[in-house]
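**Student:** I have a structure here, written as structure tokens, and I will follow up with some questions on it.
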Amino acid sequence: MSTSKKKPSCLLFLVKVLLVLGNIYFFSPFILRFMMSGYWLGTDDEVNQRYYEKLLRRDEKILRQDFKIPKGATVVAMETIPRRDWRILRESYKISATFSFKSADFDAYLAQAEQDNQWQPLPPSDSFLIKILGIRSYIKGIRLHYEYHGKPLPKPGSPDNPTAEQLLARRRKNLPLDVSRGLYRCLTSGYDILFDKKVPCSEKPEDLNDRLLNNDYMFGVLDLDKKILRIEVQTYR
């Protein structure tokens, strides 16, 4: 007498699938908590460091594309302020980067920059700096603040009402302008300097950080003596 094996029914198979999915659904919060606790991904400091390094690599790639930096140039310094981690959004940030060139690469890069009308000889004019540093908008904001609250405007030059000259002396320190011989290039965009389309800062007639416009910018300085390129990236949101 022969016996034949019964094939599992579709209903039984469906029940098993539902049980597996139910277990996954029930235990998923515990699995996620286990991973985020550090046993799987690492401690918070380790996760933050990996995320930070990943963002730096992405930032470097974008800077190389926008400034047409050759592969032979190396990053000698790069940091962000504030230093970001995986728990905070990428807003109101500043990037400082320095690229070093070999002699042959630097000569070729300089020759290309001298033919590009977006590069200009240092130093930039005070009127240009006042525009990209948003000094007029800052002074206007002070005046509107006191008008809104019905208070008299403080004396010009006081700590609460600085002059354009005072603001310029203070804010120009945010740019790599301590170079005796070199060229500079400034690019701006809308709300996201790294991913939005960029245009030369000279094409923007208004202050770059006007409260209604918030144009971010990249400012690069090519140091002819040290053969390095320094870039500062500034956002306003």
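Identifiers in this document derive from the order of the structure tokens: chains are assigned A, B, ..., residues are numbered from 1 separately in each chain, and ligands are numbered from 1 in order of occurrence.
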Need to verify the contact set: A:Asp126, 10 Å, only C-alpha atoms, exclusion of same-chain residues closer than 3 positions in sequence. Can you return it as a list in words?

**Tutor:** Pro123, Leu129, Ile130, Lys131, Glu165, Leu168, Ala169 and Arg172 of chain A

**Student:** Leaving out A:Leu224 and any residue of its chain fewer than 3 positions from it, which residues lie within 9 Å of it when counting only C-alpha atoms, given as a list in words?

**Tutor:**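 Listed by chain and then number, they are Phe106, Leu110, Val179, Ser180, Arg181, Gly182, Leu183, Lys227, Ile228 and Leu229 of chain A.
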
**Student:** Using only N, CA and C atoms, please write the residues we just selected to a file, as a short mmCIF file (atom, residue, chain, number, x, y, z; two decimals), in the first residue's frame.

**Tutor:**
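Contents of part-v3.cif, freshly written:
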```
data_model
loop_
_atom_site.label_atom_id
_atom_site.label_comp_id
_atom_site.auth_asym_id
_atom_site.auth_seq_id
_atom_site.Cartn_x
_atom_site.Cartn_y
_atom_site.Cartn_z
N PHE A 106 49.32 73.70 -10.40
CA PHE A 106 48.99 75.08 -10.03
C PHE A 106 49.18 76.01 -11.22
N LEU A 110 46.21 78.23 -12.64
CA LEU A 110 46.34 79.69 -12.67
C LEU A 110 46.12 80.22 -14.07
N VAL A 179 45.99 87.62 2.08
CA VAL A 179 46.86 87.14 1.01
C VAL A 179 47.44 88.36 0.29
N SER A 180 48.75 88.36 0.09
CA SER A 180 49.39 89.51 -0.54
C SER A 180 49.20 89.51 -2.05
N ARG A 181 49.29 88.32 -2.67
CA ARG A 181 49.10 88.22 -4.13
C ARG A 181 48.14 87.08 -4.43
N GLY A 182 47.11 87.38 -5.19
CA GLY A 182 46.18 86.31 -5.51
C GLY A 182 44.99 86.77 -6.31
N LEU A 183 44.10 85.80 -6.60
CA LEU A 183 42.86 86.06 -7.32
C LEU A 183 41.71 85.58 -6.44
N LYS A 227 50.61 78.76 -3.35
CA LYS A 227 50.06 77.79 -4.31
C LYS A 227 48.94 76.95 -3.69
N ILE A 228 48.02 77.65 -3.06
CA ILE A 228 46.87 76.98 -2.46
C ILE A 228 45.59 77.72 -2.85
N LEU A 229 44.48 77.02 -2.75
CA LEU A 229 43.16 77.59 -2.97
C LEU A 229 42.37 77.46 -1.68
#
```

**Student:** Nearest to A:Arg136: which of A:Pro162, A:Asp107, A:Gly72, A:Met78 is it, counting only C-alpha atoms?

**Tutor:** A:Pro162

**Student:** Of the residues A:Arg57, A:Lys94, A:Lys140, A:Lys102, which is the one nearest to A:Thr74, using only C-alpha atoms?

**Tutor:**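 Smallest separation from A:Thr74 among the options: A:Lys102.
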
**Student:** Between atom CA of A:Leu177 and atom CA of A:Ile81, what distance in Å does the model show, to one decimal?

**Tutor:**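 These two atoms are separated by 18.9 Å.
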
**Student:** As a list of chain:residue names, please: the residues near A:Ala113 (cut-off 12 Å, only C-alpha atoms, same-chain neighbours under 4 positions excluded).

**Tutor:** A:Phe67, A:Lys68, A:Ile69, A:Phe106, A:Asp107, A:Ala108, A:Tyr109, A:Asn117, A:Gln118, A:Trp119, A:Gln120, A:Pro121, A:Gly182, A:Leu183, A:Tyr184, A:Arg185, A:Gly220, A:Val221, A:Leu222, A:Leu224, A:Leu229

**Student:** Could you write out the selected residues, including C-alpha atoms, as an mmCIF file, in the first residue's frame?

**Tutor:**
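Okay, this is what ended up in again.cif:
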```cif
data_model
loop_
_atom_site.group_PDB
_atom_site.id
_atom_site.type_symbol
_atom_site.label_atom_id
_atom_site.label_comp_id
_atom_site.auth_asym_id
_atom_site.auth_seq_id
_atom_site.Cartn_x
_atom_site.Cartn_y
_atom_site.Cartn_z
ATOM 1 C CA PHE A 67 35.896 75.519 -8.807
ATOM 2 C CA LYS A 68 37.146 72.997 -11.399
ATOM 3 C CA ILE A 69 39.857 71.756 -9.054
ATOM 4 C CA PHE A 106 48.989 75.075 -10.033
ATOM 5 C CA ASP A 107 50.507 76.709 -13.129
ATOM 6 C CA ALA A 108 47.828 75.129 -15.327
ATOM 7 C CA TYR A 109 45.054 76.105 -12.890
ATOM 8 C CA ASN A 117 36.531 86.527 -16.207
ATOM 9 C CA GLN A 118 34.976 85.180 -12.977
ATOM 10 C CA TRP A 119 38.398 85.383 -11.290
ATOM 11 C CA GLN A 120 39.482 88.877 -10.248
ATOM 12 C CA PRO A 121 42.720 90.194 -8.720
ATOM 13 C CA GLY A 182 46.180 86.307 -5.510
ATOM 14 C CA LEU A 183 42.860 86.056 -7.320
ATOM 15 C CA TYR A 184 39.359 85.716 -5.927
ATOM 16 C CA ARG A 185 36.120 84.249 -7.210
ATOM 17 C CA GLY A 220 37.505 81.329 -3.174
ATOM 18 C CA VAL A 221 40.984 82.864 -3.013
ATOM 19 C CA LEU A 222 43.889 81.554 -5.068
ATOM 20 C CA LEU A 224 49.906 82.790 -5.740
ATOM 21 C CA LEU A 229 43.158 77.586 -2.974
#
```

**Student:** Quick check, in Å to one decimal: how far apart do atom CA of A:Asp223 and atom CA of A:Glu60 lie?

**Tutor:**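 Rounded to one decimal, the two atoms are 18.8 Å apart.
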
**Student:** Figure out the distance between atom CA of A:Ala164 and atom CA of A:Glu147, please, to one decimal in Å.

**Tutor:**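 Between atom CA of A:Glu147 and atom CA of A:Ala164 the gap is 19.3 Å.
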
**Student:** Please extract the residues of stretch 125-201 of chain A with a backbone DSSP assignment of strand (DSSP E or B) and present them as number ranges by chain.

**Tutor:** A: 158, 161, 182-188, 199-200

**Student:** I'd like the neighbourhood of A:Asp66 as a VMD selection string, where a residue qualifies if any of its atoms comes within 12 Å (using only C-alpha atoms), though same-chain residues fewer than 2 positions away should be ignored.

**Tutor:** chain A and resid 59 to 64 68 to 70 118 185 to 188 193 to 200 217 to 220 231 233

**Student:** So, with only C-alpha atoms as the atoms that count, which of A:Gln166, A:Ser158, A:Ser103, A:Ser202 lies closest to A:Pro124?

**Tutor:**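 For A:Pro124, the nearest of the given residues is A:Ser202.
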